[in-house]
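Below is one structure, written out as structure tokens; comments come after it.
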Amino acid sequence: MPELPEVETVRRGLDARLVGRRIDRVEVGRERVVRRTSRDELIAGLTGTTVTAAGRRGKYLLLPLDSGDEMMIHLRMSGQVLLVPAGAERLPHTHVVMHLDDGNEAWFVDPRTFGEVVVFDPERVGEVLPEVARLGVDPIAERFELREFRRILRSTRRALKPLLLDQHVIAGIGNIYADEILHRARLRPDRPANSLDARASRRLHDAIGSVLREAIAAGGSTLSDAQYVDLMGDGGSYQDDHRVYGRAGERCLTCGRGWIRRTVSGGRSTHFCPVCQR
Ligand SMILES: [Zn+2]
């Protein structure tokens with residue numbers, strides 16, 4: 001599932017290639033991708049508008065339009081946004097097609113159809129997209145202060161892994177990057193947040209920033225299912241730098257002594273090194 005670095009990579013592509021373009025015509029195939037509103041609302045909300053910016057909060061792409069509305073795109077499990085020349089042969093599961101004034105088409109493709117495309121009035125975000133209104137701090141797009149992060153850590157006994165995954169606390173981190181961040185910070189995923197001293201808190205804060213920035217620089221992670229690709233259809237390469245995710249049973253590349261362990265709780269897998277993560 002695309003996480004912050006993958007969504008940020010798509011955002012950068014949209015910033016370069018979609019901002020400033022007018023959407024002349026819109027086709028909506030499967031209505032499940034517009035379930036929050038309707039096919040007619042999406043078509044009416046997008047047709048004739050120009051995209052004025054490409055933003056992101058957590059895993060949500062937010063694209064302001066010159067009409068005053070915004071387009072939200074969420075990739076969820078398997079969504080892709082692709083830019084292709086007009087008339088290109090459609091891929092299976094192409095659910096939304098936006099015909100642009102520069103002779104290209106922007107597609108929303110999603111085999112599993114958990115993703116969505118919504119046009120909304122930003123003043124009504126709390127009604128239309130309540131989960132966006134409630135997102136926690138985005139550690140890349142917004143100021144992510146160590147002091148505030150320490151306050152959050154001190155305030156709860158929750159284990160670090162579920163805390164990092166909680167989008168209301170920090171927006172954008174999912175299963176892969178939570179594991180990689182905790183390994184970089186040398187902290188066990190089940191460690192209670194309020195057990196961290198000042199140095200460990202700083203290590204975790206630094207690891208969140210450094211792992212996410214390195215992953216963005218690598219264009220994100222494309223796993224063997226190859227579902228995540230950027231706007232031009234290219235995969236990322238950060239999977240080659242994963243230290244724990246997908247490496248269960250292998251020797252830890254950092255300490256050289258531990259063997260990467262995989263546990264499953266609540267249907268989510270967690271990978272960690274029992275030697276260097278304490
Ligand atoms: Zn290790």
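Starting from 1 in every chain, residues are counted up; chains themselves are A, B, ... following the order of the structure tokens, and ligands are numbered from 1 as listed.
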
Test item: residues at most 9 Å from Glu27 of chain A, only C-alpha atoms, excluding those fewer than 5 positions along its chain, as a ChimeraX atom specification: /A:39,43,95-99

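For ligand 1, the set of protein, DNA and RNA residues within 10 Å, based on only C-alpha atoms and all ligand atoms, reads His183, Arg184, Arg186, Arg243, Val244, Arg251, Cys252, Leu253, Thr254, Cys255, Gly256, Arg257, Gly258, Trp259, Ile260, Phe272, Cys273, Pro274, Val275, Cys276, Gln277 and Arg278 of chain A.
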
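Residues with any atom within 6 Å of segment 128-145 of chain A, counting only C-alpha atoms and excluding same-chain neighbours fewer than 6 positions away, are Gly58, Gln167, His168, Val169, Ile170 and Ala171 of chain A.
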
Go ahead and save the residues from that selection, with N, CA, C and O atoms, as a PDB file, in the first residue's frame.
```pdb
ATOM      1  N   GLY A  58      -0.401  13.483   4.632  1.00  0.00           N
ATOM      2  CA  GLY A  58      -0.338  12.053   4.855  1.00  0.00           C
ATOM      3  C   GLY A  58      -0.414  11.334   3.524  1.00  0.00           C
ATOM      4  O   GLY A  58       0.304  11.663   2.577  1.00  0.00           O
ATOM      5  N   GLN A 167      -2.901   7.500  12.040  1.00  0.00           N
ATOM      6  CA  GLN A 167      -2.882   8.672  11.148  1.00  0.00           C
ATOM      7  C   GLN A 167      -3.321   9.946  11.862  1.00  0.00           C
ATOM      8  O   GLN A 167      -3.064  11.039  11.387  1.00  0.00           O
ATOM      9  N   HIS A 168      -3.999   9.804  13.013  1.00  0.00           N
ATOM     10  CA  HIS A 168      -4.412  10.988  13.765  1.00  0.00           C
ATOM     11  C   HIS A 168      -3.262  11.562  14.581  1.00  0.00           C
ATOM     12  O   HIS A 168      -3.352  12.678  15.086  1.00  0.00           O
ATOM     13  N   VAL A 169      -2.182  10.782  14.731  1.00  0.00           N
ATOM     14  CA  VAL A 169      -1.014  11.256  15.477  1.00  0.00           C
ATOM     15  C   VAL A 169       0.025  11.796  14.501  1.00  0.00           C
ATOM     16  O   VAL A 169       0.427  12.956  14.576  1.00  0.00           O
ATOM     17  N   ILE A 170       0.477  10.936  13.589  1.00  0.00           N
ATOM     18  CA  ILE A 170       1.402  11.350  12.520  1.00  0.00           C
ATOM     19  C   ILE A 170       0.788  10.824  11.224  1.00  0.00           C
ATOM     20  O   ILE A 170       0.434   9.651  11.140  1.00  0.00           O
ATOM     21  N   ALA A 171       0.684  11.681  10.219  1.00  0.00           N
ATOM     22  CA  ALA A 171       0.014  11.285   8.981  1.00  0.00           C
ATOM     23  C   ALA A 171       1.019  10.804   7.945  1.00  0.00           C
ATOM     24  O   ALA A 171       2.013  11.486   7.686  1.00  0.00           O
TER      25      ALA A 171
END
```

All strand (DSSP E or B) positions in segment 43-261 of chain A, as a VMD selection string: chain A and resid 50 to 51 55 to 57 60 to 65 70 to 74 80 to 85 94 to 100 104 to 109 116 to 120 137 159 170 192 251 259 261

Please produce a file of those selected residues containing C-alpha atoms, as a CSV table (one decimal), in the first residue's frame.
```
chain,number,residue,atom,x,y,z
A,50,THR,CA,-7.7,24.1,-14.1
A,51,VAL,CA,-5.5,22.4,-11.4
A,55,GLY,CA,-0.6,19.2,-2.2
A,56,ARG,CA,-0.5,16.2,0.1
A,57,ARG,CA,-1.4,15.5,3.7
A,60,TYR,CA,-4.0,12.0,0.7
A,61,LEU,CA,-3.4,14.0,-2.5
A,62,LEU,CA,-5.1,17.4,-2.4
A,63,LEU,CA,-5.3,19.3,-5.7
A,64,PRO,CA,-6.9,22.8,-5.5
A,65,LEU,CA,-8.8,23.8,-8.6
A,70,GLU,CA,-10.3,20.7,-4.4
A,71,MET,CA,-9.8,17.3,-5.8
A,72,MET,CA,-8.8,14.6,-3.4
A,73,ILE,CA,-7.2,11.3,-4.6
A,74,HIS,CA,-6.5,8.5,-2.2
A,80,GLN,CA,-2.3,4.5,-9.5
A,81,VAL,CA,-2.4,7.9,-11.1
A,82,LEU,CA,-0.9,7.8,-14.6
A,83,LEU,CA,-0.3,10.4,-17.2
A,84,VAL,CA,-0.5,9.1,-20.8
A,85,PRO,CA,-0.9,10.6,-24.3
A,94,THR,CA,-9.0,2.5,-15.4
A,95,HIS,CA,-11.9,4.0,-13.5
A,96,VAL,CA,-11.4,7.7,-14.1
A,97,VAL,CA,-10.1,9.4,-17.2
A,98,MET,CA,-9.4,13.2,-17.2
A,99,HIS,CA,-8.8,14.6,-20.7
A,100,LEU,CA,-6.3,17.5,-20.4
A,104,ASN,CA,-2.5,14.1,-22.3
A,105,GLU,CA,-4.9,12.1,-20.2
A,106,ALA,CA,-4.6,11.6,-16.4
A,107,TRP,CA,-5.9,8.2,-15.4
A,108,PHE,CA,-7.0,6.8,-12.0
A,109,VAL,CA,-6.3,3.0,-12.2
A,116,GLU,CA,-11.2,7.1,-4.5
A,117,VAL,CA,-11.4,10.4,-6.3
A,118,VAL,CA,-13.5,13.2,-4.7
A,119,VAL,CA,-14.2,16.8,-5.5
A,120,PHE,CA,-15.1,18.9,-2.5
A,137,VAL,CA,1.1,16.2,11.6
A,159,ALA,CA,3.4,0.6,21.8
A,170,ILE,CA,1.4,11.3,12.5
A,192,PRO,CA,5.8,1.7,25.2
A,251,ARG,CA,20.8,-11.5,9.2
A,259,TRP,CA,18.3,-12.4,12.7
A,261,ARG,CA,12.1,-11.6,13.1
```

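Among A:Val28, A:Ala54, A:Leu4, A:Arg112, the residue with the shortest atom-to-atom distance to Asp40 of chain A, counting only C-alpha atoms, is A:Val28.
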
Test item: residues at most 6 Å from segment 198-209 of chain A, only C-alpha atoms, excluding those fewer than 2 positions along its chain, as JSON, numbers by chain: {"A": [181, 184, 185, 196, 211, 212]}

Output for the residues just chosen: N, CA, C and O atoms as a tab-separated table (two decimals), in the first residue's frame:
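So selection-v1.tsv came out as:
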```
chain	number	residue	atom	x	y	z
A	181	ILE	N	11.62	2.73	10.16
A	181	ILE	CA	11.92	3.84	11.08
A	181	ILE	C	12.34	3.30	12.44
A	181	ILE	O	13.33	3.74	13.02
A	184	ARG	N	15.80	1.89	12.26
A	184	ARG	CA	16.80	2.99	12.20
A	184	ARG	C	17.00	3.60	13.59
A	184	ARG	O	18.11	3.95	13.96
A	185	ALA	N	15.90	3.71	14.34
A	185	ALA	CA	15.97	4.33	15.68
A	185	ALA	C	16.43	3.34	16.75
A	185	ALA	O	16.59	3.73	17.91
A	196	LEU	N	10.41	6.06	26.50
A	196	LEU	CA	11.57	6.62	25.79
A	196	LEU	C	12.14	7.83	26.54
A	196	LEU	O	11.40	8.73	26.93
A	211	VAL	N	14.38	8.45	7.25
A	211	VAL	CA	13.88	7.32	6.44
A	211	VAL	C	12.91	7.82	5.38
A	211	VAL	O	13.00	7.44	4.21
A	212	LEU	N	11.98	8.70	5.76
A	212	LEU	CA	10.99	9.18	4.79
A	212	LEU	C	11.68	9.98	3.68
A	212	LEU	O	11.37	9.83	2.50
```

Proximity to Ser78 of chain A - best of A:Gly45, A:Gly220, A:Pro92, A:Pro2, only C-alpha atoms: A:Pro2
